>>> print(open('target-v6.txt').read())   # compact mmCIF, C-alpha atoms and all ligand atoms
# COMPACT_ATOMS: atom_id res chain seq x y z
CA MET A 1 -23.72 -23.15 -24.30
CA GLY A 2 -20.82 -23.17 -26.74
CA ARG A 3 -17.96 -25.61 -26.61
CA LYS A 4 -15.37 -25.36 -23.90
CA ARG A 5 -12.59 -22.93 -24.61
CA ARG A 6 -8.96 -24.07 -24.56
CA VAL A 7 -6.02 -21.77 -24.27
CA GLY A 8 -2.32 -22.59 -24.43
CA ILE A 9 0.25 -21.14 -22.04
CA TRP A 10 4.01 -20.97 -22.11
CA MET A 11 5.20 -19.28 -18.97
CA TYR A 12 8.56 -18.83 -17.27
CA GLN A 13 8.91 -21.04 -14.19
CA ASN A 14 11.73 -19.42 -12.23
CA GLY A 15 11.35 -16.55 -9.74
CA GLY A 16 7.87 -17.68 -8.72
CA GLY A 17 6.59 -17.97 -12.31
CA ASP A 18 5.35 -21.50 -11.63
CA LYS A 19 3.07 -20.26 -8.82
CA ILE A 20 1.75 -17.40 -10.93
CA GLU A 21 0.97 -19.87 -13.69
CA LYS A 22 -1.00 -22.07 -11.27
CA LYS A 23 -3.08 -19.07 -10.19
CA LEU A 24 -3.74 -18.14 -13.82
CA VAL A 25 -4.84 -21.69 -14.65
CA LYS A 26 -7.14 -21.79 -11.62
CA LYS A 27 -8.76 -18.46 -12.40
CA LEU A 28 -9.27 -19.41 -16.04
CA LYS A 29 -10.86 -22.68 -14.94
CA GLU A 30 -13.31 -20.73 -12.78
CA ARG A 31 -14.40 -19.02 -15.99
CA GLY A 32 -14.80 -22.32 -17.80
CA ILE A 33 -11.58 -22.02 -19.76
CA GLU A 34 -9.19 -24.95 -19.90
CA ALA A 35 -5.51 -24.00 -19.92
CA ILE A 36 -2.80 -26.23 -21.33
CA THR A 37 0.60 -25.27 -19.95
CA GLY A 38 4.17 -25.92 -21.02
CA LEU A 39 3.55 -25.25 -24.69
CA ASN A 40 7.10 -24.40 -25.57
CA LEU A 41 7.25 -23.73 -29.30
CA ARG A 42 10.84 -24.93 -29.16
CA ASP A 43 9.36 -28.46 -28.93
CA ALA A 44 6.78 -27.91 -31.65
CA TYR A 45 6.86 -29.00 -35.27
CA VAL A 46 4.70 -28.26 -38.26
CA LYS A 47 2.78 -30.84 -40.24
CA SER A 48 1.17 -29.10 -43.18
CA SER A 49 -1.51 -26.86 -41.74
CA HIS A 50 -0.88 -27.70 -38.10
CA ILE A 51 1.58 -26.62 -35.45
CA LEU A 52 1.90 -29.55 -33.09
CA CYS A 53 3.33 -29.24 -29.61
CA HIS A 54 3.29 -32.06 -27.05
CA GLY A 55 0.42 -33.67 -28.92
CA ILE A 56 -1.61 -30.45 -28.97
CA ASN A 57 -2.77 -28.97 -32.23
CA MET A 58 -1.93 -25.37 -31.45
CA ASP A 59 -3.85 -23.78 -34.29
CA LYS A 60 -7.04 -25.19 -32.79
CA LEU A 61 -6.49 -23.34 -29.52
CA ASP A 62 -8.71 -20.38 -28.75
CA LEU A 63 -5.72 -18.34 -27.63
CA PHE A 64 -2.01 -18.64 -26.90
CA PHE A 65 -0.41 -16.82 -23.97
CA SER A 66 3.35 -16.60 -24.38
CA TYR A 67 5.23 -15.37 -21.33
CA ASN A 68 8.78 -16.59 -21.25
CA ALA A 69 11.45 -14.02 -21.95
CA GLY A 70 14.62 -15.88 -21.22
CA GLU A 71 14.11 -18.85 -23.47
CA GLN A 72 12.95 -17.28 -26.70
CA THR A 73 14.79 -18.69 -29.72
CA GLN A 74 14.60 -17.73 -33.39
CA TYR A 75 12.71 -20.94 -34.09
CA GLN A 76 10.10 -20.06 -31.50
CA MET A 77 9.69 -16.58 -32.90
CA TYR A 78 9.23 -18.10 -36.36
CA LEU A 79 6.42 -20.38 -35.20
CA TYR A 80 4.92 -17.64 -32.98
CA LYS A 81 4.61 -15.51 -36.12
CA ALA A 82 2.80 -18.28 -37.98
CA LEU A 83 0.55 -19.19 -35.06
CA ASN A 84 -0.44 -15.54 -34.64
CA ARG A 85 -2.10 -15.71 -38.07
CA MET A 86 -4.48 -18.41 -36.85
CA VAL A 87 -4.94 -17.91 -33.13
CA PRO A 88 -5.18 -14.78 -30.97
CA CYS A 89 -1.83 -14.49 -29.23
CA ILE A 90 -0.98 -12.47 -26.14
CA ASN A 91 1.11 -10.58 -26.71
CA ASN A 92 0.19 -10.31 -30.37
CA TYR A 93 3.21 -11.24 -32.45
CA ASP A 94 3.64 -7.93 -34.26
CA ALA A 95 3.82 -5.86 -31.10
CA PHE A 96 6.03 -8.40 -29.39
CA GLU A 97 8.44 -8.54 -32.29
CA LEU A 98 8.54 -4.74 -32.43
CA THR A 99 9.41 -4.35 -28.77
CA GLU A 100 12.10 -7.01 -28.97
CA ASP A 101 14.04 -4.35 -30.86
CA LYS A 102 14.98 -1.15 -29.05
CA PHE A 103 15.70 0.89 -32.15
CA GLN A 104 12.47 -0.03 -33.97
CA THR A 105 10.48 0.70 -30.83
CA ASN A 106 12.13 4.03 -30.07
CA TYR A 107 11.82 5.12 -33.68
CA LEU A 108 8.08 4.49 -33.57
CA LEU A 109 7.65 6.08 -30.12
CA ARG A 110 9.55 9.19 -31.13
CA ASN A 111 7.49 9.65 -34.24
CA ASN A 112 4.35 9.42 -32.16
CA GLY A 113 5.28 12.04 -29.64
CA VAL A 114 6.71 9.88 -26.85
CA LYS A 115 10.00 11.13 -25.46
CA THR A 116 12.87 8.66 -25.30
CA PRO A 117 16.60 9.28 -24.92
CA ASP A 118 18.02 10.71 -28.13
CA PHE A 119 19.30 7.89 -30.32
CA ARG A 120 21.30 7.38 -33.49
CA LEU A 121 21.74 4.50 -35.88
CA CYS A 122 24.34 4.13 -38.60
CA HIS A 123 25.88 1.45 -40.78
CA ARG A 124 28.69 -0.57 -39.21
CA ASP A 125 31.21 0.87 -41.70
CA ASP A 126 30.28 4.42 -40.83
CA SER A 127 32.40 4.82 -37.70
CA LYS A 128 33.16 8.40 -38.75
CA ARG A 129 29.57 9.24 -38.04
CA LEU A 130 29.71 7.43 -34.74
CA LYS A 131 32.54 9.79 -33.76
CA LYS A 132 30.42 12.76 -34.69
CA PHE A 133 27.71 11.49 -32.37
CA ILE A 134 29.99 11.36 -29.37
CA GLN A 135 31.37 14.78 -30.21
CA SER A 136 27.91 16.27 -30.02
CA TRP A 137 26.80 14.32 -26.94
CA LYS A 138 29.98 13.95 -24.85
CA GLN A 139 28.68 10.70 -23.35
CA MET A 140 26.69 7.94 -24.98
CA VAL A 141 25.55 4.36 -24.51
CA TYR A 142 26.19 1.63 -27.04
CA LYS A 143 23.29 -0.86 -26.96
CA PRO A 144 22.60 -4.15 -28.66
CA THR A 145 19.09 -3.54 -30.05
CA ASP A 146 17.85 -6.99 -29.01
CA GLY A 147 19.45 -7.33 -25.56
CA TRP A 148 17.98 -7.45 -22.07
CA GLY A 149 19.13 -7.35 -18.46
CA GLY A 150 21.63 -4.60 -19.19
CA VAL A 151 23.86 -7.11 -20.97
CA GLY A 152 26.18 -5.69 -23.62
CA LEU A 153 25.40 -2.05 -22.81
CA THR A 154 28.56 0.01 -22.90
CA LYS A 155 28.90 3.54 -21.67
CA ILE A 156 31.21 5.60 -23.85
CA ASP A 157 32.55 8.60 -21.94
CA ASN A 158 34.65 10.29 -24.61
CA GLU A 159 36.17 9.93 -28.05
CA ALA A 160 39.20 8.08 -26.71
CA THR A 161 36.97 5.38 -25.17
CA LEU A 162 35.23 5.04 -28.50
CA ASP A 163 38.58 4.61 -30.25
CA THR A 164 39.56 1.75 -27.95
CA LEU A 165 36.14 0.18 -28.26
CA LEU A 166 35.85 0.34 -32.05
CA PRO A 167 38.25 -2.53 -32.85
CA PHE A 168 36.19 -4.79 -30.58
CA LEU A 169 32.91 -3.67 -32.12
CA ASN A 170 34.38 -4.23 -35.57
CA GLN A 171 35.33 -7.78 -34.66
CA MET A 172 31.73 -8.51 -33.80
CA ASP A 173 29.41 -9.38 -36.61
CA LEU A 174 27.24 -6.27 -36.35
CA ARG A 175 25.04 -4.81 -39.04
CA PHE A 176 24.85 -1.37 -37.51
CA PHE A 177 25.66 0.77 -34.52
CA TYR A 178 22.81 1.83 -32.27
CA VAL A 179 23.70 4.42 -29.65
CA GLU A 180 21.79 6.62 -27.23
CA LYS A 181 22.71 9.83 -25.56
CA PHE A 182 23.69 9.13 -21.97
CA ILE A 183 20.98 10.64 -19.80
CA ASP A 184 21.85 12.39 -16.57
CA TYR A 185 19.48 10.68 -14.15
CA ASP A 186 19.50 9.73 -10.46
CA ARG A 187 20.22 6.02 -11.15
CA THR A 188 16.66 5.04 -10.31
CA ASP A 189 13.83 4.18 -12.64
CA PHE A 190 10.12 3.44 -12.67
CA ARG A 191 8.80 0.14 -13.92
CA ILE A 192 5.15 0.57 -14.83
CA ASP A 193 3.06 -2.51 -15.54
CA ILE A 194 0.20 -2.09 -17.98
CA VAL A 195 -2.29 -4.79 -18.93
CA ASP A 196 -5.01 -4.27 -21.50
CA GLY A 197 -4.39 -0.52 -21.47
CA LYS A 198 -4.83 -0.30 -17.72
CA PHE A 199 -2.31 0.49 -15.00
CA VAL A 200 -1.70 -2.49 -12.73
CA GLY A 201 1.41 -1.66 -10.76
CA CYS A 202 4.58 0.30 -10.29
CA TYR A 203 7.90 -0.19 -8.57
CA GLY A 204 11.29 1.41 -8.72
CA ARG A 205 14.73 0.04 -9.34
CA ARG A 206 17.97 1.55 -8.10
CA ALA A 207 21.40 0.89 -9.61
CA GLY A 208 23.79 -0.89 -7.27
CA GLY A 209 27.40 -0.15 -6.42
CA GLY A 210 29.08 2.02 -8.99
CA ASP A 211 26.92 0.81 -11.85
CA TRP A 212 24.83 3.22 -13.93
CA ARG A 213 22.34 0.52 -14.93
CA THR A 214 19.29 -0.26 -12.83
CA ASN A 215 18.89 -3.87 -13.99
CA ILE A 216 18.78 -6.44 -11.20
CA THR A 217 21.24 -8.51 -13.22
CA SER A 218 23.62 -5.53 -13.08
CA GLY A 219 23.40 -5.31 -9.30
CA GLY A 220 20.31 -3.12 -9.05
CA SER A 221 17.61 -3.48 -6.42
CA VAL A 222 13.88 -3.04 -6.31
CA PHE A 223 12.08 -0.53 -4.07
CA LEU A 224 8.51 0.57 -3.43
CA ARG A 225 7.62 3.52 -5.56
CA GLU A 226 4.39 5.28 -6.39
CA ALA A 227 3.84 6.55 -9.87
CA GLY A 228 2.34 9.96 -10.39
CA ASP A 229 -0.29 10.61 -13.05
CA GLU A 230 2.27 11.97 -15.49
CA VAL A 231 4.41 8.83 -15.38
CA VAL A 232 1.41 6.51 -15.68
CA ALA A 233 0.00 8.49 -18.60
CA LEU A 234 3.37 8.36 -20.35
CA ALA A 235 3.59 4.59 -19.87
CA LYS A 236 0.06 4.07 -21.16
CA LYS A 237 0.73 6.19 -24.21
CA ALA A 238 3.92 4.27 -25.03
CA VAL A 239 2.19 0.91 -24.66
CA LYS A 240 -0.71 1.99 -26.85
CA ILE A 241 1.69 2.95 -29.63
CA THR A 242 3.50 -0.38 -29.49
CA GLY A 243 0.25 -2.35 -29.48
CA LEU A 244 1.27 -4.64 -26.62
CA GLU A 245 -1.52 -6.15 -24.51
CA VAL A 246 0.81 -6.84 -21.58
CA ALA A 247 3.76 -4.55 -21.02
CA GLY A 248 6.25 -3.14 -18.55
CA VAL A 249 7.54 0.33 -19.28
CA ASP A 250 10.85 1.59 -17.92
CA ILE A 251 10.91 5.34 -17.31
CA ILE A 252 13.68 7.61 -16.05
CA TYR A 253 13.79 11.30 -15.21
CA ASP A 254 16.20 13.41 -17.23
CA ARG A 255 17.65 15.87 -14.71
CA LYS A 256 19.02 18.25 -17.33
CA LYS A 257 15.90 18.54 -19.43
CA ARG A 258 13.60 18.02 -16.46
CA GLU A 259 11.36 15.53 -18.13
CA TYR A 260 10.43 11.86 -18.01
CA LEU A 261 11.73 9.61 -20.76
CA VAL A 262 10.64 6.15 -21.82
CA LEU A 263 13.71 3.96 -21.74
CA GLU A 264 12.22 0.67 -22.77
CA VAL A 265 8.93 -1.14 -23.34
CA ASN A 266 9.13 -4.78 -22.29
CA GLY A 267 6.74 -7.37 -23.72
CA ILE A 268 7.29 -9.89 -20.92
CA PRO A 269 7.69 -7.95 -17.69
CA ALA A 270 8.25 -10.34 -14.79
CA PHE A 271 5.76 -10.64 -11.96
CA ALA A 272 7.08 -9.73 -8.52
CA THR A 273 9.16 -12.60 -7.15
CA PRO A 274 8.18 -14.11 -3.76
CA GLU A 275 10.97 -12.06 -2.10
CA GLN A 276 9.80 -8.88 -3.81
CA GLU A 277 6.23 -9.61 -2.70
CA LYS A 278 7.48 -9.89 0.87
CA ALA A 279 9.15 -6.51 0.42
CA GLY A 280 5.76 -5.03 -0.43
CA LEU A 281 5.33 -5.27 -4.19
CA ASP A 282 1.66 -6.17 -4.21
CA PHE A 283 0.54 -5.95 -7.83
CA ASN A 284 0.69 -9.65 -8.79
CA ASP A 285 -2.95 -10.45 -8.07
CA ARG A 286 -4.15 -7.36 -9.91
CA LYS A 287 -2.00 -8.29 -12.86
CA ILE A 288 -3.21 -11.90 -12.90
CA GLU A 289 -6.82 -10.73 -12.74
CA ALA A 290 -6.30 -8.31 -15.62
CA ILE A 291 -4.61 -10.98 -17.75
CA VAL A 292 -7.39 -13.50 -17.03
CA GLU A 293 -9.99 -10.92 -17.99
CA LEU A 294 -8.10 -10.21 -21.21
CA ILE A 295 -7.70 -13.90 -22.08
CA ASP A 296 -11.40 -14.48 -21.39
CA ARG A 297 -12.42 -11.68 -23.74
CA ARG A 298 -10.02 -12.49 -26.56
CA SER A 299 -10.64 -16.23 -26.53
CA ASN A 300 -14.34 -15.53 -26.75
CA ASP A 301 -13.78 -13.54 -29.93
CA LYS A 302 -12.39 -16.63 -31.60
CA VAL A 303 -15.28 -18.86 -30.51
CA LYS A 304 -17.74 -16.33 -31.91
CA ASP A 305 -15.82 -16.15 -35.21
CA LYS A 306 -16.18 -19.89 -35.68
CA LYS A 307 -19.93 -19.97 -35.27
N1 LIG G 1 20.46 6.38 -22.57
C1 LIG G 1 20.69 6.01 -21.31
N2 LIG G 1 21.19 6.90 -20.39
C2 LIG G 1 21.43 6.52 -19.12
N3 LIG G 1 21.21 5.29 -18.64
C3 LIG G 1 20.71 4.37 -19.48
C4 LIG G 1 20.42 4.68 -20.84
N4 LIG G 1 19.94 3.58 -21.43
C5 LIG G 1 19.92 2.62 -20.49
N5 LIG G 1 20.37 3.08 -19.30
C6 LIG G 1 20.49 2.28 -18.05
O1 LIG G 1 20.75 0.95 -18.44
C7 LIG G 1 19.67 0.08 -18.05
C8 LIG G 1 19.39 -0.95 -19.14
O2 LIG G 1 18.97 -0.31 -20.33
P1 LIG G 1 17.77 -0.85 -21.20
O3 LIG G 1 17.69 0.01 -22.41
O4 LIG G 1 16.54 -0.96 -20.36
O5 LIG G 1 18.27 -2.29 -21.65
P2 LIG G 1 17.96 -3.76 -21.11
O6 LIG G 1 17.00 -4.30 -22.10
O7 LIG G 1 19.25 -4.45 -21.13
O8 LIG G 1 17.33 -3.62 -19.74
C9 LIG G 1 18.51 0.99 -17.78
O9 LIG G 1 17.64 0.41 -16.82
C10 LIG G 1 19.18 2.26 -17.28
O10 LIG G 1 19.49 2.14 -15.91
MG MG G 2 15.51 -2.53 -19.28
>>> encode(input="target-v6.txt", output="structure tokens", more="lines below")
Ligand SMILES: Nc1ncnc2c1ncn2[C@@H]1O[C@H](COP(=O)(O)OP(=O)(O)O)[C@@H](O)[C@H]1O
Ligand SMILES: [Mg+2]
Amino acid sequence: MGRKRRVGIWMYQNGGGDKIEKKLVKKLKERGIEAITGLNLRDAYVKSSHILCHGINMDKLDLFFSYNAGEQTQYQMYLYKALNRMVPCINNYDAFELTEDKFQTNYLLRNNGVKTPDFRLCHRDDSKRLKKFIQSWKQMVYKPTDGWGGVGLTKIDNEATLDTLLPFLNQMDLRFFYVEKFIDYDRTDFRIDIVDGKFVGCYGRRAGGGDWRTNITSGGSVFLREAGDEVVALAKKAVKITGLEVAGVDIIYDRKKREYLVLEVNGIPAFATPEQEKAGLDFNDRKIEAIVELIDRRSNDKVKDKK
């Protein structure tokens, strides 16, 4: 018998995250893996070759599972990057960092044959070009490349809207403009959860009120939805290209072009909340099982390396 494996976890606690974490810890324990929770890199510091967090030497862990979207700071990302050099991380840092940026992700997806909404990027001083974009598209969406929850997304319906918006955009300290063609869709999407390359669950979201965004934070609601083979295959392909171990892919159907498009690949897709579980979203246990299986395999790799 080898030594006992130890993995670190930093997991969101709201929306039922605390209960999910308990299940994860229990299932890992059943496999002889000790899990140390609450390892928030925000509280960590570095002492020469060691990243120390709450008295734990993180670079001696067999694996680090980072699953907290809302509280990610630049400092945490910086330490995550360093830790990833020493310890297997889920998600691996490179894929996570990639998918934190919508432009970088879409650029890579597009060049690997995955359809996304058409997008454009130009320097912040090049507003002339931005005008050309709207002229060719009629409607577009301005997006912060690192946002989430639909925050900061602005629909631009015509050139006049762009003209009124530009002074505000210019006031902000932006490096560039990232815009997407506004897709004619039915204001619903698919959220496909993939773990370790395998499909674990699907649900739909529907925009609320007059909003065109499906995000819950923008008034959207969740509904039961089955994914067909085409949608699942598209999600799997997108995840494979990004390199994420755990991912949630947002997909919409373009009514004009009659095709599915990948809207976003999320590195920390939330589990179903207790209310959503009551409403019938039943993938949590499958997802936990798949993550435990993945952690078990990856943490083993490290133990073997050390022998
Ligand atoms: N190009 C687009 N065309 C139409 N609707 C869009 C487009 N991009 C985003 N949306 C809507 O806005 C929502 C949020 O966009 P998304 O890119 O997923 O950003 P966030 O990270 O904020 O969730 C999507 O769920 C979708 O409903
Ligand atoms: Mg989204």
>>> residues_near_point(input="target-v6.txt", point="(2.1, -16.5, -24.3)", cutoff="7 Å", atoms="all atoms listed in the file", output="PyMOL selection string")
chain A and resi 9-11+64-67+89-91
>>> residues_near_ligand(input="target-v6.txt", ligand="ligand LIG 1 (chain G)", cutoff="9 Å", atoms="all atoms listed in the file", output="PyMOL selection string")
chain A and resi 100+102+116-119+139-153+155+179-185+187-189+205-207+211-216+218+220+250-252+254+263-266
>>> write_last_selection(input="target-v6.txt", atoms="C-alpha atoms", output="tab-separated table (two decimals), in the frame of the given file")
chain	number	residue	atom	x	y	z
A	100	GLU	CA	12.10	-7.01	-28.97
A	102	LYS	CA	14.98	-1.15	-29.05
A	116	THR	CA	12.87	8.66	-25.30
A	117	PRO	CA	16.60	9.28	-24.92
A	118	ASP	CA	18.02	10.71	-28.13
A	119	PHE	CA	19.30	7.89	-30.32
A	139	GLN	CA	28.68	10.70	-23.35
A	140	MET	CA	26.69	7.94	-24.98
A	141	VAL	CA	25.55	4.36	-24.51
A	142	TYR	CA	26.19	1.63	-27.04
A	143	LYS	CA	23.29	-0.86	-26.96
A	144	PRO	CA	22.60	-4.15	-28.66
A	145	THR	CA	19.09	-3.54	-30.05
A	146	ASP	CA	17.85	-6.99	-29.01
A	147	GLY	CA	19.45	-7.33	-25.56
A	148	TRP	CA	17.98	-7.45	-22.07
A	149	GLY	CA	19.13	-7.35	-18.46
A	150	GLY	CA	21.63	-4.60	-19.19
A	151	VAL	CA	23.86	-7.11	-20.97
A	152	GLY	CA	26.18	-5.69	-23.62
A	153	LEU	CA	25.40	-2.05	-22.81
A	155	LYS	CA	28.90	3.54	-21.67
A	179	VAL	CA	23.70	4.42	-29.65
A	180	GLU	CA	21.79	6.62	-27.23
A	181	LYS	CA	22.71	9.83	-25.56
A	182	PHE	CA	23.69	9.13	-21.97
A	183	ILE	CA	20.98	10.64	-19.80
A	184	ASP	CA	21.85	12.39	-16.57
A	185	TYR	CA	19.48	10.68	-14.15
A	187	ARG	CA	20.22	6.02	-11.15
A	188	THR	CA	16.66	5.04	-10.31
A	189	ASP	CA	13.83	4.18	-12.64
A	205	ARG	CA	14.73	0.04	-9.34
A	206	ARG	CA	17.97	1.55	-8.10
A	207	ALA	CA	21.40	0.89	-9.61
A	211	ASP	CA	26.92	0.81	-11.85
A	212	TRP	CA	24.83	3.22	-13.93
A	213	ARG	CA	22.34	0.52	-14.93
A	214	THR	CA	19.29	-0.26	-12.83
A	215	ASN	CA	18.89	-3.87	-13.99
A	216	ILE	CA	18.78	-6.44	-11.20
A	218	SER	CA	23.62	-5.53	-13.08
A	220	GLY	CA	20.31	-3.12	-9.05
A	250	ASP	CA	10.85	1.59	-17.92
A	251	ILE	CA	10.91	5.34	-17.31
A	252	ILE	CA	13.68	7.61	-16.05
A	254	ASP	CA	16.20	13.41	-17.23
A	263	LEU	CA	13.71	3.96	-21.74
A	264	GLU	CA	12.22	0.67	-22.77
A	265	VAL	CA	8.93	-1.14	-23.34
A	266	ASN	CA	9.13	-4.78	-22.29
>>> closest_residue(input="target-v6.txt", among="A:His50, A:Gly219, A:Arg5, A:Leu61", to="Arg31 in chain A", atoms="all atoms listed in the file")
A:Arg5
>>> residues_near_point(input="target-v6.txt", point="(-0.4, -14.3, -16.9)", cutoff="12 Å", atoms="only C-alpha atoms", output="NGL selection string")
:A and (7-13 or 17-28 or 35 or 37 or 64-68 or 90-91 or 195-196 or 245-247 or 268-271 or 284-296)
>>> closest_residue(input="target-v6.txt", among="A:Lys60, A:Leu130, A:Ile36, A:Leu169", to="Met86 in chain A", atoms="only C-alpha atoms")
A:Lys60
>>> atom_distance(input="target-v6.txt", atom1="CA of Asp173 in chain A", atom2="CA of Thr154 in chain A")
16.6 Å
>>> residues_around(input="target-v6.txt", residues="Glu275 in chain A", least_positions_apart="4", cutoff="9 Å", atoms="all atoms listed in the file", output="mmCIF file with C-alpha atoms, in the coordinates of the input")
data_model
loop_
_atom_site.group_PDB
_atom_site.id
_atom_site.type_symbol
_atom_site.label_atom_id
_atom_site.label_comp_id
_atom_site.auth_asym_id
_atom_site.auth_seq_id
_atom_site.Cartn_x
_atom_site.Cartn_y
_atom_site.Cartn_z
ATOM 1 C CA GLY A 15 11.350 -16.550 -9.740
ATOM 2 C CA ALA A 279 9.150 -6.510 0.420
ATOM 3 C CA GLY A 280 5.760 -5.030 -0.430
#
>>> closest_residue(input="target-v6.txt", among="A:Phe133, A:Val232, A:Asp101, A:Asp282", to="ligand MG 2 (chain G)", atoms="all atoms listed in the file")
A:Asp101
>>> atom_distance(input="target-v6.txt", atom1="CA of His123 in chain A", atom2="CA of Val239 in chain A")
28.7 Å
>>> closest_residue(input="target-v6.txt", among="A:Lys278, A:Lys4, A:Lys131, A:Arg258", to="Ala160 in chain A", atoms="all atoms listed in the file")
A:Lys131
>>> closest_residue(input="target-v6.txt", among="A:Ala272, A:Ile241, A:Ile33, A:Val249", to="Asn112 in chain A", atoms="all atoms listed in the file")
A:Ile241
>>> closest_residue(input="target-v6.txt", among="A:Leu108, A:Ala44, A:Leu281, A:Leu224", to="Leu79 in chain A", atoms="all atoms listed in the file")
A:Ala44
>>> atom_distance(input="target-v6.txt", atom1="CA of Tyr93 in chain A", atom2="CA of Asp59 in chain A")
14.5 Å
>>> residues_around(input="target-v6.txt", residues="Cys122 in chain A", least_positions_apart="6", cutoff="10 Å", atoms="all atoms listed in the file", output="list in words")
Lys128, Arg129, Leu130, Arg175, Phe176, Phe177, Tyr178 and Val179 of chain A
>>> residues_around(input="target-v6.txt", residues="Thr105 in chain A", least_positions_apart="6", cutoff="8 Å", atoms="all atoms listed in the file", output="list in words")
Leu98, Thr99, Thr242 and Val265 of chain A
>>> residues_around(input="target-v6.txt", residues="Leu234 in chain A", least_positions_apart="6", cutoff="10 Å", atoms="all atoms listed in the file", output="compact mmCIF listing (two decimals) with C-alpha atoms, in the frame of the given file")
# COMPACT_ATOMS: atom_id res chain seq x y z
CA VAL A 114 6.71 9.88 -26.85
CA LYS A 115 10.00 11.13 -25.46
CA ILE A 192 5.15 0.57 -14.83
CA LYS A 240 -0.71 1.99 -26.85
CA VAL A 249 7.54 0.33 -19.28
CA ILE A 251 10.91 5.34 -17.31
CA TYR A 260 10.43 11.86 -18.01
CA LEU A 261 11.73 9.61 -20.76
CA VAL A 262 10.64 6.15 -21.82
